[in-house]
>>> print(open('work-v2.txt').read())   # compact mmCIF, C-alpha atoms
# COMPACT_ATOMS: atom_id res chain seq x y z
CA PRO A 1 247.90 242.40 28.95
CA ALA A 2 250.97 244.48 29.72
CA LEU A 3 249.29 246.38 32.57
CA ARG A 4 248.34 243.20 34.41
CA ARG A 5 251.69 241.55 33.87
CA LEU A 6 253.49 244.68 35.12
CA SER A 7 251.22 245.11 38.15
CA HIS A 8 251.64 241.45 39.09
CA SER A 9 255.40 241.68 38.60
CA LEU A 10 255.74 244.76 40.82
CA LEU A 11 253.43 243.74 43.66
CA ALA A 12 254.06 239.98 43.75
CA HIS A 13 256.88 240.17 46.31
CA TYR A 14 256.44 243.83 47.42
CA GLN A 15 256.45 244.57 51.16
CA LYS A 16 254.71 247.87 51.91
CA GLY A 17 255.60 247.83 55.60
CA THR A 18 259.26 248.81 55.12
CA ARG A 19 260.88 251.87 53.65
CA PRO A 20 261.59 251.16 49.92
CA VAL A 21 265.40 251.33 49.84
CA ARG A 22 267.93 248.57 49.23
CA ASP A 23 270.50 250.15 51.57
CA TRP A 24 269.02 251.30 54.89
CA ARG A 25 271.52 254.17 54.96
CA THR A 26 269.88 255.72 51.89
CA THR A 27 267.60 258.65 52.67
CA THR A 28 264.21 258.80 50.99
CA ASN A 29 263.74 262.29 49.59
CA VAL A 30 260.07 263.36 49.37
CA ALA A 31 259.36 266.40 47.22
CA ILE A 32 256.10 268.14 48.06
CA ASP A 33 254.04 270.88 46.44
CA LEU A 34 250.95 272.83 47.39
CA MET A 35 248.38 274.84 45.44
CA VAL A 36 245.61 276.74 47.20
CA TYR A 37 242.24 276.15 45.58
CA ALA A 38 239.85 278.05 47.89
CA ILE A 39 239.56 279.75 51.29
CA LEU A 40 236.44 278.16 52.75
CA SER A 41 236.12 279.90 56.11
CA VAL A 42 238.01 281.90 58.71
CA ASP A 43 236.78 281.39 62.27
CA GLU A 44 238.18 284.27 64.30
CA LYS A 45 236.61 283.15 67.56
CA ASN A 46 238.09 279.64 67.48
CA GLN A 47 241.22 280.67 65.55
CA VAL A 48 240.64 278.09 62.81
CA LEU A 49 241.33 278.43 59.08
CA THR A 50 239.63 276.09 56.61
CA THR A 51 241.23 275.84 53.18
CA TYR A 52 240.95 273.54 50.20
CA ILE A 53 244.35 272.68 48.70
CA TRP A 54 245.78 270.51 45.97
CA TYR A 55 248.61 268.57 47.55
CA ARG A 56 251.27 266.75 45.54
CA GLN A 57 254.23 264.66 46.58
CA HIS A 58 256.64 262.30 44.87
CA TRP A 59 259.48 260.05 45.96
CA THR A 60 261.59 257.24 44.56
CA ASP A 61 260.69 253.63 45.33
CA GLU A 62 263.64 251.39 44.52
CA PHE A 63 261.41 248.29 44.36
CA LEU A 64 259.06 249.71 41.73
CA LYS A 65 261.44 249.86 38.76
CA TRP A 66 261.13 247.91 35.49
CA ASP A 67 262.39 247.73 31.94
CA PRO A 68 259.77 249.18 29.57
CA ALA A 69 260.96 246.89 26.73
CA ARG A 70 259.71 243.85 28.62
CA PHE A 71 256.22 245.33 29.08
CA ASP A 72 255.27 246.70 25.67
CA ASN A 73 257.19 249.99 26.24
CA LEU A 74 254.96 250.81 29.22
CA THR A 75 256.60 253.67 31.20
CA GLN A 76 253.87 254.57 33.71
CA ILE A 77 251.26 252.68 35.68
CA SER A 78 248.69 253.48 38.37
CA LEU A 79 248.76 251.34 41.48
CA PRO A 80 246.50 251.25 44.56
CA VAL A 81 247.68 253.41 47.43
CA GLU A 82 247.01 250.61 49.90
CA SER A 83 249.42 248.30 48.07
CA ILE A 84 252.64 250.34 48.31
CA TRP A 85 254.63 252.23 50.91
CA VAL A 86 253.53 255.86 51.47
CA PRO A 87 255.44 258.36 53.65
CA ASP A 88 253.76 259.41 56.90
CA ILE A 89 253.71 263.12 56.15
CA LEU A 90 251.12 265.08 58.11
CA ILE A 91 250.24 268.72 58.76
CA ASN A 92 251.12 269.80 62.29
CA GLU A 93 248.33 272.40 62.48
CA PHE A 94 245.53 269.89 61.89
CA VAL A 95 242.63 270.42 64.32
CA ASP A 96 240.00 268.26 62.63
CA VAL A 97 239.74 265.47 60.12
CA GLY A 98 239.60 266.95 56.64
CA LYS A 99 236.63 266.19 54.42
CA SER A 100 238.72 265.20 51.45
CA PRO A 101 237.75 262.97 48.54
CA HIS A 102 239.53 259.65 48.53
CA VAL A 103 241.99 259.16 45.66
CA PRO A 104 242.75 255.39 45.58
CA TYR A 105 245.65 255.37 43.12
CA VAL A 106 249.16 256.73 42.65
CA TYR A 107 251.23 257.02 39.49
CA VAL A 108 254.50 255.08 39.23
CA SER A 109 257.07 255.58 36.45
CA HIS A 110 259.58 252.97 35.26
CA HIS A 111 262.38 254.82 37.14
CA GLY A 112 260.58 254.14 40.42
CA GLU A 113 259.23 257.68 40.89
CA VAL A 114 255.89 257.66 42.70
CA GLN A 115 253.50 260.61 42.39
CA ASN A 116 250.75 260.98 44.92
CA LEU A 117 248.26 263.72 43.95
CA LYS A 118 245.22 264.45 46.08
CA PRO A 119 242.94 267.33 47.12
CA ILE A 120 242.60 268.01 50.85
CA GLN A 121 240.20 270.12 52.88
CA VAL A 122 242.42 271.39 55.67
CA MET A 123 241.15 272.67 59.00
CA THR A 124 244.18 274.14 60.75
CA ALA A 125 244.86 276.26 63.80
CA CYS A 126 246.01 279.76 62.94
CA SER A 127 246.84 282.79 65.04
CA LEU A 128 244.42 285.30 63.51
CA ASP A 129 245.04 288.99 64.12
CA ILE A 130 241.77 290.93 63.76
CA TYR A 131 242.99 294.28 65.05
CA ASN A 132 242.96 295.76 61.54
CA PHE A 133 239.49 294.40 60.65
CA PRO A 134 238.12 294.80 57.96
CA PHE A 135 241.48 295.65 56.37
CA ASP A 136 243.28 292.72 57.94
CA VAL A 137 245.86 290.43 56.35
CA GLN A 138 246.26 286.93 57.80
CA ASN A 139 249.34 284.75 57.62
CA CYS A 140 248.64 281.08 58.37
CA SER A 141 251.18 278.29 58.14
CA LEU A 142 250.84 274.70 56.96
CA THR A 143 253.74 272.63 58.28
CA PHE A 144 254.39 269.30 56.54
CA THR A 145 256.62 266.85 58.36
CA SER A 146 257.11 263.15 58.92
CA TRP A 147 255.51 262.16 62.19
CA LEU A 148 257.95 259.30 63.01
CA HIS A 149 260.90 259.25 60.62
CA HIS A 150 263.81 261.56 61.32
CA ILE A 151 265.75 263.40 58.68
CA ARG A 152 268.20 260.53 58.02
CA ASP A 153 265.28 258.40 56.88
CA ILE A 154 262.94 260.90 55.21
CA ASN A 155 264.00 264.31 53.99
CA LEU A 156 261.69 266.94 52.48
CA SER A 157 262.17 269.30 49.57
CA LEU A 158 260.13 271.48 47.23
CA TRP A 159 258.78 270.06 44.01
CA ARG A 160 258.90 273.47 42.28
CA GLN A 161 260.93 276.63 42.70
CA PRO A 162 259.85 278.92 45.61
CA GLU A 163 259.11 281.77 43.18
CA LEU A 164 256.70 279.60 41.23
CA VAL A 165 254.91 278.51 44.38
CA LYS A 166 254.73 282.05 45.74
CA PHE A 167 252.71 283.65 42.94
CA ASP A 168 250.80 280.63 41.68
CA ARG A 169 247.06 281.51 41.60
CA SER A 170 246.17 279.37 38.61
CA VAL A 171 243.64 277.22 40.46
CA PHE A 172 242.54 279.64 43.16
CA MET A 173 238.82 280.42 43.22
CA ASN A 174 238.86 284.22 43.52
CA GLN A 175 235.18 284.66 44.35
CA GLY A 176 234.85 284.76 48.14
CA GLU A 177 235.54 287.16 50.95
CA TRP A 178 239.27 286.46 50.99
CA GLU A 179 241.86 286.89 48.28
CA LEU A 180 245.16 285.03 48.08
CA LEU A 181 248.22 287.26 48.09
CA TYR A 182 251.02 284.70 47.94
CA VAL A 183 252.33 281.45 49.41
CA LEU A 184 255.76 281.52 51.03
CA THR A 185 257.89 278.43 51.66
CA HIS A 186 260.52 277.70 54.27
CA PHE A 187 262.49 274.54 55.08
CA GLN A 188 263.93 273.88 58.52
CA GLU A 189 265.12 271.14 60.82
CA PHE A 190 263.95 270.78 64.38
CA SER A 191 264.62 268.42 67.22
CA VAL A 192 262.76 267.55 70.40
CA LYS A 193 264.84 267.38 73.62
CA SER A 194 268.16 267.00 71.78
CA SER A 195 266.99 263.89 69.97
CA ASP A 196 267.23 263.18 66.26
CA SER A 197 266.36 266.01 63.90
CA TYR A 198 263.22 266.05 61.81
CA ALA A 199 262.67 267.80 58.51
CA GLU A 200 259.68 270.04 58.03
CA MET A 201 258.45 272.20 55.16
CA LYS A 202 256.37 275.26 55.99
CA PHE A 203 253.93 276.89 53.59
CA TYR A 204 252.80 280.34 54.69
CA VAL A 205 249.42 281.15 53.14
CA VAL A 206 248.96 284.94 53.16
CA ILE A 207 245.39 286.08 52.56
CA ARG A 208 243.65 289.45 52.67
CA ARG A 209 240.02 290.27 53.42
CA ARG A 210 237.96 292.22 50.90
CA PRO A 211 236.65 295.20 52.91
CA LEU A 212 233.98 296.55 50.54
CA PHE A 213 231.03 294.83 52.25
CA TYR A 214 232.09 295.93 55.73
CA THR A 215 232.83 299.46 54.54
CA VAL A 216 229.34 299.84 53.11
CA SER A 217 227.49 298.14 55.97
CA LEU A 218 229.56 299.33 58.96
CA LEU A 219 231.69 302.39 58.27
CA LEU A 220 229.44 304.46 56.00
CA PRO A 221 226.36 304.45 58.30
CA SER A 222 228.55 305.46 61.24
CA ILE A 223 230.12 308.24 59.18
CA PHE A 224 226.70 309.51 58.09
CA LEU A 225 225.47 309.66 61.69
CA MET A 226 228.58 311.57 62.77
CA VAL A 227 228.11 314.03 59.89
CA MET A 228 224.50 314.59 60.95
CA ASP A 229 225.71 315.23 64.50
CA ILE A 230 228.06 317.92 63.21
CA VAL A 231 225.28 319.47 61.08
CA GLY A 232 223.08 319.54 64.19
CA PHE A 233 225.28 322.28 65.64
CA TYR A 234 223.79 324.71 63.11
CA LEU A 235 220.42 324.56 64.86
CA PRO A 236 219.85 327.63 67.07
CA PRO A 237 221.04 326.89 70.60
CA HIS A 238 218.12 328.74 72.23
CA SER A 239 215.63 326.35 70.61
CA GLY A 240 214.89 323.01 72.18
CA GLU A 241 215.09 321.17 68.86
CA ARG A 242 218.83 320.63 69.09
CA VAL A 243 218.60 318.59 72.29
CA SER A 244 215.90 316.30 70.89
CA PHE A 245 217.86 315.96 67.64
CA LYS A 246 221.03 314.94 69.47
CA ILE A 247 219.15 312.45 71.66
CA THR A 248 217.59 310.91 68.54
CA LEU A 249 221.03 310.52 66.96
CA LEU A 250 222.38 308.90 70.13
CA LEU A 251 219.51 306.41 70.24
CA GLY A 252 219.92 305.66 66.55
CA TYR A 253 223.63 304.99 66.99
CA SER A 254 222.90 302.68 69.93
CA VAL A 255 220.51 300.64 67.76
CA PHE A 256 223.13 300.59 65.01
CA LEU A 257 225.74 299.14 67.39
CA ILE A 258 223.31 296.44 68.51
CA ILE A 259 222.70 295.44 64.89
CA VAL A 260 226.38 295.30 63.89
CA SER A 261 227.58 293.55 67.04
CA ASP A 262 227.04 290.15 65.40
CA THR A 263 229.04 291.19 62.34
CA LEU A 264 232.21 292.11 64.21
CA PRO A 265 234.64 289.23 64.82
CA ALA A 266 234.84 288.20 68.46
CA THR A 267 238.01 286.84 70.02
CA ALA A 268 239.27 286.51 73.55
CA VAL A 269 242.68 287.91 72.56
CA GLY A 270 241.88 291.45 71.51
CA THR A 271 239.34 293.91 70.10
CA PRO A 272 239.39 295.08 66.48
CA LEU A 273 240.13 298.71 65.84
CA ILE A 274 236.72 299.25 64.28
CA GLY A 275 235.14 298.33 67.62
CA ILE A 276 237.22 301.01 69.31
CA TYR A 277 236.15 303.38 66.53
CA PHE A 278 232.47 302.74 67.28
CA VAL A 279 232.99 303.27 71.02
CA VAL A 280 234.79 306.56 70.44
CA CYS A 281 232.03 307.71 68.07
CA MET A 282 229.49 306.94 70.78
CA ALA A 283 231.57 308.92 73.27
CA LEU A 284 231.72 311.86 70.84
CA LEU A 285 227.93 311.80 70.50
CA VAL A 286 227.59 311.86 74.29
CA ILE A 287 230.03 314.79 74.50
CA SER A 288 228.07 316.61 71.80
CA LEU A 289 224.82 316.12 73.72
CA THR A 290 226.46 317.32 76.94
CA GLU A 291 227.72 320.45 75.19
CA THR A 292 224.25 321.13 73.80
CA ILE A 293 222.65 320.78 77.24
CA LEU A 294 225.22 323.21 78.67
CA ILE A 295 224.56 325.83 76.00
CA VAL A 296 220.78 325.50 76.30
CA ARG A 297 221.12 325.95 80.06
CA LEU A 298 223.03 329.20 79.51
CA VAL A 299 220.57 330.77 77.08
CA HIS A 300 217.37 329.75 78.94
CA LYS A 301 215.92 330.90 82.27
CA GLN A 302 218.27 333.85 82.60
CA ASP A 303 215.88 335.52 85.07
CA LEU A 304 217.31 333.34 87.80
CA GLN A 305 220.90 334.12 86.88
CA PRO A 306 223.05 337.05 87.96
CA HIS A 307 224.82 339.41 85.60
CA VAL A 308 227.57 337.98 83.43
CA PRO A 309 230.90 338.38 85.23
CA GLU A 310 233.29 340.88 83.71
CA TRP A 311 236.04 338.31 83.17
CA VAL A 312 233.59 336.14 81.21
CA LYS A 313 232.66 339.12 79.06
CA HIS A 314 236.30 339.92 78.49
CA LEU A 315 237.26 336.36 77.54
CA LEU A 316 234.25 335.35 75.46
CA LEU A 317 232.80 338.55 74.04
CA GLU A 318 236.13 340.20 73.26
CA ARG A 319 239.04 337.76 73.13
CA ALA A 320 237.16 334.70 71.89
CA THR A 321 235.36 336.61 69.14
CA ILE A 322 238.70 337.80 67.78
CA LEU A 323 240.23 334.32 68.08
CA LEU A 324 237.27 332.64 66.39
CA CYS A 325 236.99 335.34 63.72
CA ILE A 326 233.33 335.96 64.50
CA ARG A 327 232.03 338.76 62.28
CA ASP A 328 229.42 339.91 64.82
CA ARG A 329 231.91 340.70 67.55
CA LYS A 330 231.40 344.42 66.93
CA LYS A 331 227.69 343.96 67.51
CA PHE A 332 228.47 342.26 70.80
CA SER A 333 230.61 345.17 71.99
CA GLN A 334 228.13 347.74 70.62
CA SER A 335 225.23 346.03 72.37
CA ARG A 336 227.23 346.08 75.61
CA MET A 337 227.92 349.80 75.23
CA GLN A 338 224.28 350.48 74.38
CA ASN A 339 223.18 348.62 77.49
CA LEU A 340 225.58 350.66 79.64
CA ASP A 341 224.45 353.95 78.04
CA THR A 342 220.79 353.05 78.48
CA SER A 343 221.25 352.27 82.15
CA ARG A 344 223.16 355.54 82.69
CA GLN A 345 220.47 357.57 80.93
CA VAL A 346 217.80 355.97 83.07
CA GLU A 347 219.73 356.89 86.23
CA ASN A 348 220.26 360.45 85.05
CA ASN A 349 216.59 360.83 84.18
CA ASP A 350 215.60 359.54 87.59
CA SER A 351 217.86 361.99 89.40
CA THR A 352 216.94 365.05 87.30
CA ALA A 353 213.22 364.34 86.87
CA LYS A 354 211.04 367.12 88.34
CA PRO A 355 207.28 367.84 88.10
CA THR A 356 206.52 370.27 85.23
CA PRO A 357 203.79 372.85 85.86
CA TYR A 358 200.81 372.77 83.51
CA VAL A 359 200.57 375.76 81.14
CA CYS A 360 197.17 376.68 79.78
CA GLU A 361 196.70 377.91 76.23
CA GLY A 362 193.74 380.37 76.57
CA PRO A 363 191.90 382.49 79.13
CA ARG A 364 188.88 380.17 79.11
CA GLU A 365 191.03 377.13 79.76
CA CYS A 366 192.96 378.96 82.48
CA GLY A 367 189.71 380.01 84.10
CA ALA A 368 188.35 376.47 83.98
CA VAL A 369 191.51 375.05 85.44
CA GLY A 370 191.56 377.64 88.19
CA SER A 371 187.97 377.05 89.08
CA THR A 372 188.54 373.25 89.12
CA ARG A 373 191.55 373.56 91.37
CA SER A 374 189.70 375.82 93.76
CA ALA A 375 186.76 373.43 93.79
CA LEU A 376 188.95 370.43 94.49
CA ALA A 377 190.79 372.30 97.17
CA PHE A 378 187.57 373.40 98.66
CA ALA A 379 185.88 369.94 98.44
CA GLY A 380 188.46 368.05 100.44
CA GLN A 381 192.12 368.73 100.57
CA THR A 382 192.81 365.75 102.83
CA GLU A 383 191.07 363.14 100.69
CA GLY A 384 192.71 364.47 97.53
CA SER A 385 196.18 364.25 98.95
CA ALA A 386 195.61 360.62 100.03
CA ALA A 387 194.37 359.58 96.59
CA LEU A 388 197.26 361.34 94.95
CA GLN A 389 199.75 359.57 97.14
CA GLU A 390 198.14 356.21 96.26
CA ILE A 391 198.39 357.02 92.56
CA LEU A 392 202.04 358.04 92.95
CA ARG A 393 202.78 354.82 94.88
CA GLU A 394 201.22 352.63 92.15
CA THR A 395 203.03 354.57 89.44
CA THR A 396 206.33 354.09 91.24
CA ALA A 397 205.69 350.32 91.55
CA ILE A 398 204.89 350.07 87.84
CA ARG A 399 208.04 351.98 86.99
CA GLN A 400 210.17 349.72 89.21
CA LEU A 401 208.60 346.65 87.59
CA LEU A 402 209.40 347.95 84.12
CA GLU A 403 212.96 348.78 85.14
CA LYS A 404 213.39 345.30 86.65
CA ARG A 405 212.05 343.70 83.48
CA GLU A 406 214.44 345.74 81.38
CA GLU A 407 217.29 344.64 83.63
CA PHE A 408 216.25 341.00 83.19
CA ARG A 409 216.20 341.53 79.44
CA ASP A 410 219.70 342.92 79.55
CA VAL A 411 220.91 339.93 81.58
CA ALA A 412 219.19 337.52 79.18
CA ARG A 413 220.74 339.30 76.21
CA GLU A 414 224.21 339.08 77.74
CA TRP A 415 223.90 335.38 78.57
CA LEU A 416 222.53 334.72 75.07
CA GLN A 417 225.60 336.36 73.56
CA VAL A 418 227.87 334.35 75.85
CA GLY A 419 226.01 331.19 74.90
CA TYR A 420 226.41 331.84 71.17
CA VAL A 421 230.14 332.52 71.44
CA LEU A 422 230.69 329.49 73.68
CA ASP A 423 228.66 327.35 71.27
CA VAL A 424 230.87 328.37 68.35
CA LEU A 425 234.00 327.72 70.40
CA LEU A 426 232.93 324.25 71.54
CA PHE A 427 231.68 323.36 68.06
CA ARG A 428 235.05 324.14 66.50
CA VAL A 429 236.87 322.18 69.20
CA TYR A 430 234.52 319.24 68.64
CA LEU A 431 234.94 319.48 64.87
CA ALA A 432 238.73 319.54 65.21
CA ALA A 433 238.63 316.44 67.43
CA VAL A 434 236.41 314.56 64.97
CA LEU A 435 238.59 315.51 62.00
CA ALA A 436 241.81 314.54 63.80
CA TYR A 437 240.30 311.22 64.82
CA SER A 438 239.03 310.50 61.30
CA ILE A 439 242.34 311.42 59.65
CA THR A 440 244.27 309.22 62.08
CA LEU A 441 242.06 306.19 61.47
CA GLY A 442 242.01 306.75 57.72
CA THR A 443 245.79 306.98 57.63
CA LEU A 444 246.24 303.82 59.68
CA TRP A 445 243.78 301.83 57.58
CA SER A 446 245.30 303.07 54.30
CA VAL A 447 248.79 302.11 55.49
CA TRP A 448 247.59 298.64 56.50
CA ARG A 449 245.71 298.32 53.22
CA ASP A 450 248.79 299.09 51.14
CA ALA A 451 251.19 297.11 53.35
>>> encode(input="work-v2.txt", output="structure tokens")
Amino acid sequence: PALRRLSHSLLAHYQKGTRPVRDWRTTTNVAIDLMVYAILSVDEKNQVLTTYIWYRQHWTDEFLKWDPARFDNLTQISLPVESIWVPDILINEFVDVGKSPHVPYVYVSHHGEVQNLKPIQVMTACSLDIYNFPFDVQNCSLTFTSWLHHIRDINLSLWRQPELVKFDRSVFMNQGEWELLYVLTHFQEFSVKSSDSYAEMKFYVVIRRRPLFYTVSLLLPSIFLMVMDIVGFYLPPHSGERVSFKITLLLGYSVFLIIVSDTLPATAVGTPLIGIYFVVCMALLVISLTETILIVRLVHKQDLQPHVPEWVKHLLLERATILLCIRDRKKFSQSRMQNLDTSRQVENNDSTAKPTPYVCEGPRECGAVGSTRSALAFAGQTEGSAALQEILRETTAIRQLLEKREEFRDVAREWLQVGYVLDVLLFRVYLAAVLAYSITLGTLWSVWRDA
């Protein structure tokens, strides 16, 4: 058969240990090509990228040429890889032996062109940048070069045009976490310690992570908890429910961080921005709880506190209400004026209060009153005066107690007003900080997403 006669004719005196050129000055040009089939895994901790590629290379073997007319017009034949010379082209970034299926044959044409086509599972070292996680884009290189032969012996070139290689996704399995953006190519020569130059061909595989899963499982729960923290400011500050609500949110966020800690990529180089985002959110929750404790302290147990200082009243009850556009600022000022007027009236009544003589309405009543007075005076003037003084003393103590209680109520009312105004002020500052932080992160992530 023609195949056996051709195979025997080509390999009878073939020596696979030497480079297949008749003149040793001739350079063997190896054209290579690469097609990404799948992104198997990205190990951020160990900085390892595992891909599955279809690798192709062809070169000219001057000792594998024949005349098709002598062999039944046969122009192409498959020969065992172990029987012919194969260039020693490796990938510099290899960190482990690839689990690739063994392809035992190569195609040889009658012009001496040898085509070696094989799939390779490549485990390569890659400098992974996870700062933009989960909106990160990774650029990993695959450098093909001859390990021993310098550029005068083996030179490298592209099988196809760079534009065709760049946007070729015909065989890519677009089903996993990563999507292939493009594959860039670059040829360069390099030398080690001023020795002979070597040719190398770089393929830059640019991939992008699909962030939908991480957005749903990481970002949205954190955003919901922060929204609930903001809504918690609408609880009355004088009630103790706000403190317990804030503490519950803080505990819930701590449990959430423990759960998602295994999901975040861990590297010794840096921390992803989403990790910083979670830490800042935790700090904001702590600040919110601290603010709530401060306000609750102001509006509770005012009996032990002195009067509100005048400068605090001026800043919070007058200036701050105008700055914050609080509609009840007139009530605050009116309540202050009412408190001042009430205290002045009480002082005036105390200074002008005099005993009013009793006026009888009829002669019988006047006679009865006169007889009673005379009887009391006659019974014991000394004992009556002592009892009357005791009654006056108790009445004075009751009046002082009521006045002191009214003063405490005025102090409590003033501190409650100060607490409400301060709560509104701190809430708006906190809300502005959260909004500025969210807009900044959203802008950064959208820029990185569209880059």
>>> residues_near_point(input="work-v2.txt", point="(245.3, 251.0, 51.4)", cutoff="12 Å", atoms="all atoms listed in the file", output="PyMOL selection string")
chain A and resi 16-17+79-86+102-106
>>> write_last_selection(input="work-v2.txt", atoms="C-alpha atoms", output="PDB file, keeping the file's coordinate frame")
ATOM      1  CA  LYS A  16     254.710 247.870  51.910  1.00  0.00           C
ATOM      2  CA  GLY A  17     255.600 247.830  55.600  1.00  0.00           C
ATOM      3  CA  LEU A  79     248.760 251.340  41.480  1.00  0.00           C
ATOM      4  CA  PRO A  80     246.500 251.250  44.560  1.00  0.00           C
ATOM      5  CA  VAL A  81     247.680 253.410  47.430  1.00  0.00           C
ATOM      6  CA  GLU A  82     247.010 250.610  49.900  1.00  0.00           C
ATOM      7  CA  SER A  83     249.420 248.300  48.070  1.00  0.00           C
ATOM      8  CA  ILE A  84     252.640 250.340  48.310  1.00  0.00           C
ATOM      9  CA  TRP A  85     254.630 252.230  50.910  1.00  0.00           C
ATOM     10  CA  VAL A  86     253.530 255.860  51.470  1.00  0.00           C
ATOM     11  CA  HIS A 102     239.530 259.650  48.530  1.00  0.00           C
ATOM     12  CA  VAL A 103     241.990 259.160  45.660  1.00  0.00           C
ATOM     13  CA  PRO A 104     242.750 255.390  45.580  1.00  0.00           C
ATOM     14  CA  TYR A 105     245.650 255.370  43.120  1.00  0.00           C
ATOM     15  CA  VAL A 106     249.160 256.730  42.650  1.00  0.00           C
TER      16      VAL A 106
END
>>> closest_residue(input="work-v2.txt", among="A:Phe135, A:Tyr37, A:Phe167, A:Tyr107", to="Arg208 of chain A", atoms="only C-alpha atoms")
A:Phe135
>>> residues_near_point(input="work-v2.txt", point="(243.8, 270.6, 46.9)", cutoff="8 Å", atoms="only C-alpha atoms", output="PDB file with C-alpha atoms, in the coordinates of the input")
ATOM      1  CA  LEU A  34     250.950 272.830  47.390  1.00  0.00           C
ATOM      2  CA  MET A  35     248.380 274.840  45.440  1.00  0.00           C
ATOM      3  CA  VAL A  36     245.610 276.740  47.200  1.00  0.00           C
ATOM      4  CA  TYR A  37     242.240 276.150  45.580  1.00  0.00           C
ATOM      5  CA  TYR A  52     240.950 273.540  50.200  1.00  0.00           C
ATOM      6  CA  ILE A  53     244.350 272.680  48.700  1.00  0.00           C
ATOM      7  CA  TRP A  54     245.780 270.510  45.970  1.00  0.00           C
ATOM      8  CA  TYR A  55     248.610 268.570  47.550  1.00  0.00           C
ATOM      9  CA  LYS A 118     245.220 264.450  46.080  1.00  0.00           C
ATOM     10  CA  PRO A 119     242.940 267.330  47.120  1.00  0.00           C
ATOM     11  CA  ILE A 120     242.600 268.010  50.850  1.00  0.00           C
ATOM     12  CA  GLN A 121     240.200 270.120  52.880  1.00  0.00           C
TER      13      GLN A 121
END
>>> residues_around(input="work-v2.txt", residues="Val114 of chain A", least_positions_apart="5", cutoff="9 Å", atoms="all atoms listed in the file", output="list of chain:residue names")
A:Gln57, A:His58, A:Trp59, A:Thr60, A:Asp61, A:Leu64, A:Val106, A:Tyr107, A:Val108, A:Ser109
>>> write_last_selection(input="work-v2.txt", atoms="C-alpha atoms", output="PDB file, in the coordinates of the input")
ATOM      1  CA  GLN A  57     254.230 264.660  46.580  1.00  0.00           C
ATOM      2  CA  HIS A  58     256.640 262.300  44.870  1.00  0.00           C
ATOM      3  CA  TRP A  59     259.480 260.050  45.960  1.00  0.00           C
ATOM      4  CA  THR A  60     261.590 257.240  44.560  1.00  0.00           C
ATOM      5  CA  ASP A  61     260.690 253.630  45.330  1.00  0.00           C
ATOM      6  CA  LEU A  64     259.060 249.710  41.730  1.00  0.00           C
ATOM      7  CA  VAL A 106     249.160 256.730  42.650  1.00  0.00           C
ATOM      8  CA  TYR A 107     251.230 257.020  39.490  1.00  0.00           C
ATOM      9  CA  VAL A 108     254.500 255.080  39.230  1.00  0.00           C
ATOM     10  CA  SER A 109     257.070 255.580  36.450  1.00  0.00           C
TER      11      SER A 109
END
>>> residues_around(input="work-v2.txt", residues="Leu257 of chain A", least_positions_apart="2", cutoff="12 Å", atoms="all atoms listed in the file", output="number ranges by chain")
A: 217-219, 221-222, 225, 250-255, 259-264, 274-279, 281-282
>>> closest_residue(input="work-v2.txt", among="A:Arg25, A:Val299, A:Tyr430, A:Lys45", to="Asp129 of chain A", atoms="only C-alpha atoms")
A:Lys45
>>> atom_distance(input="work-v2.txt", atom1="atom CA of Trp445 of chain A", atom2="atom CA of Cys140 of chain A")
21.3 Å
>>> closest_residue(input="work-v2.txt", among="A:Asp96, A:Glu62, A:Asp423, A:Asp72", to="Leu298 of chain A", atoms="all atoms listed in the file")
A:Asp423
>>> closest_residue(input="work-v2.txt", among="A:Leu401, A:Leu422, A:Val95, A:Leu181", to="Val296 of chain A", atoms="only C-alpha atoms")
A:Leu422
>>> atom_distance(input="work-v2.txt", atom1="atom CA of Gln115 of chain A", atom2="atom CA of Leu148 of chain A")
21.1 Å
>>> closest_residue(input="work-v2.txt", among="A:His149, A:Lys202, A:Arg297, A:Arg209", to="Ser239 of chain A", atoms="all atoms listed in the file")
A:Arg297
>>> residues_around(input="work-v2.txt", residues="Gln188 of chain A", least_positions_apart="3", cutoff="10 Å", atoms="only C-alpha atoms", output="PDB file with C-alpha atoms, in the frame of the given file")
ATOM      1  CA  LEU A 156     261.690 266.940  52.480  1.00  0.00           C
ATOM      2  CA  SER A 197     266.360 266.010  63.900  1.00  0.00           C
ATOM      3  CA  TYR A 198     263.220 266.050  61.810  1.00  0.00           C
ATOM      4  CA  ALA A 199     262.670 267.800  58.510  1.00  0.00           C
ATOM      5  CA  GLU A 200     259.680 270.040  58.030  1.00  0.00           C
ATOM      6  CA  MET A 201     258.450 272.200  55.160  1.00  0.00           C
ATOM      7  CA  LYS A 202     256.370 275.260  55.990  1.00  0.00           C
TER       8      LYS A 202
END
>>> closest_residue(input="work-v2.txt", among="A:Leu40, A:Val434, A:Ile247, A:Leu10", to="Ile230 of chain A", atoms="only C-alpha atoms")
A:Val434
>>> axis_aligned_box(input="work-v2.txt", around="segment 69-80 of chain A", padding_each_side="8 Å", output="JSON")
{"center_x": 253.7, "center_y": 249.2, "center_z": 35.1, "size_x": 30.5, "size_y": 26.7, "size_z": 34.9}
>>> residues_around(input="work-v2.txt", residues="Ile91 of chain A", least_positions_apart="4", cutoff="7 Å", atoms="only C-alpha atoms", output="ChimeraX atom specification")
/A:142-145
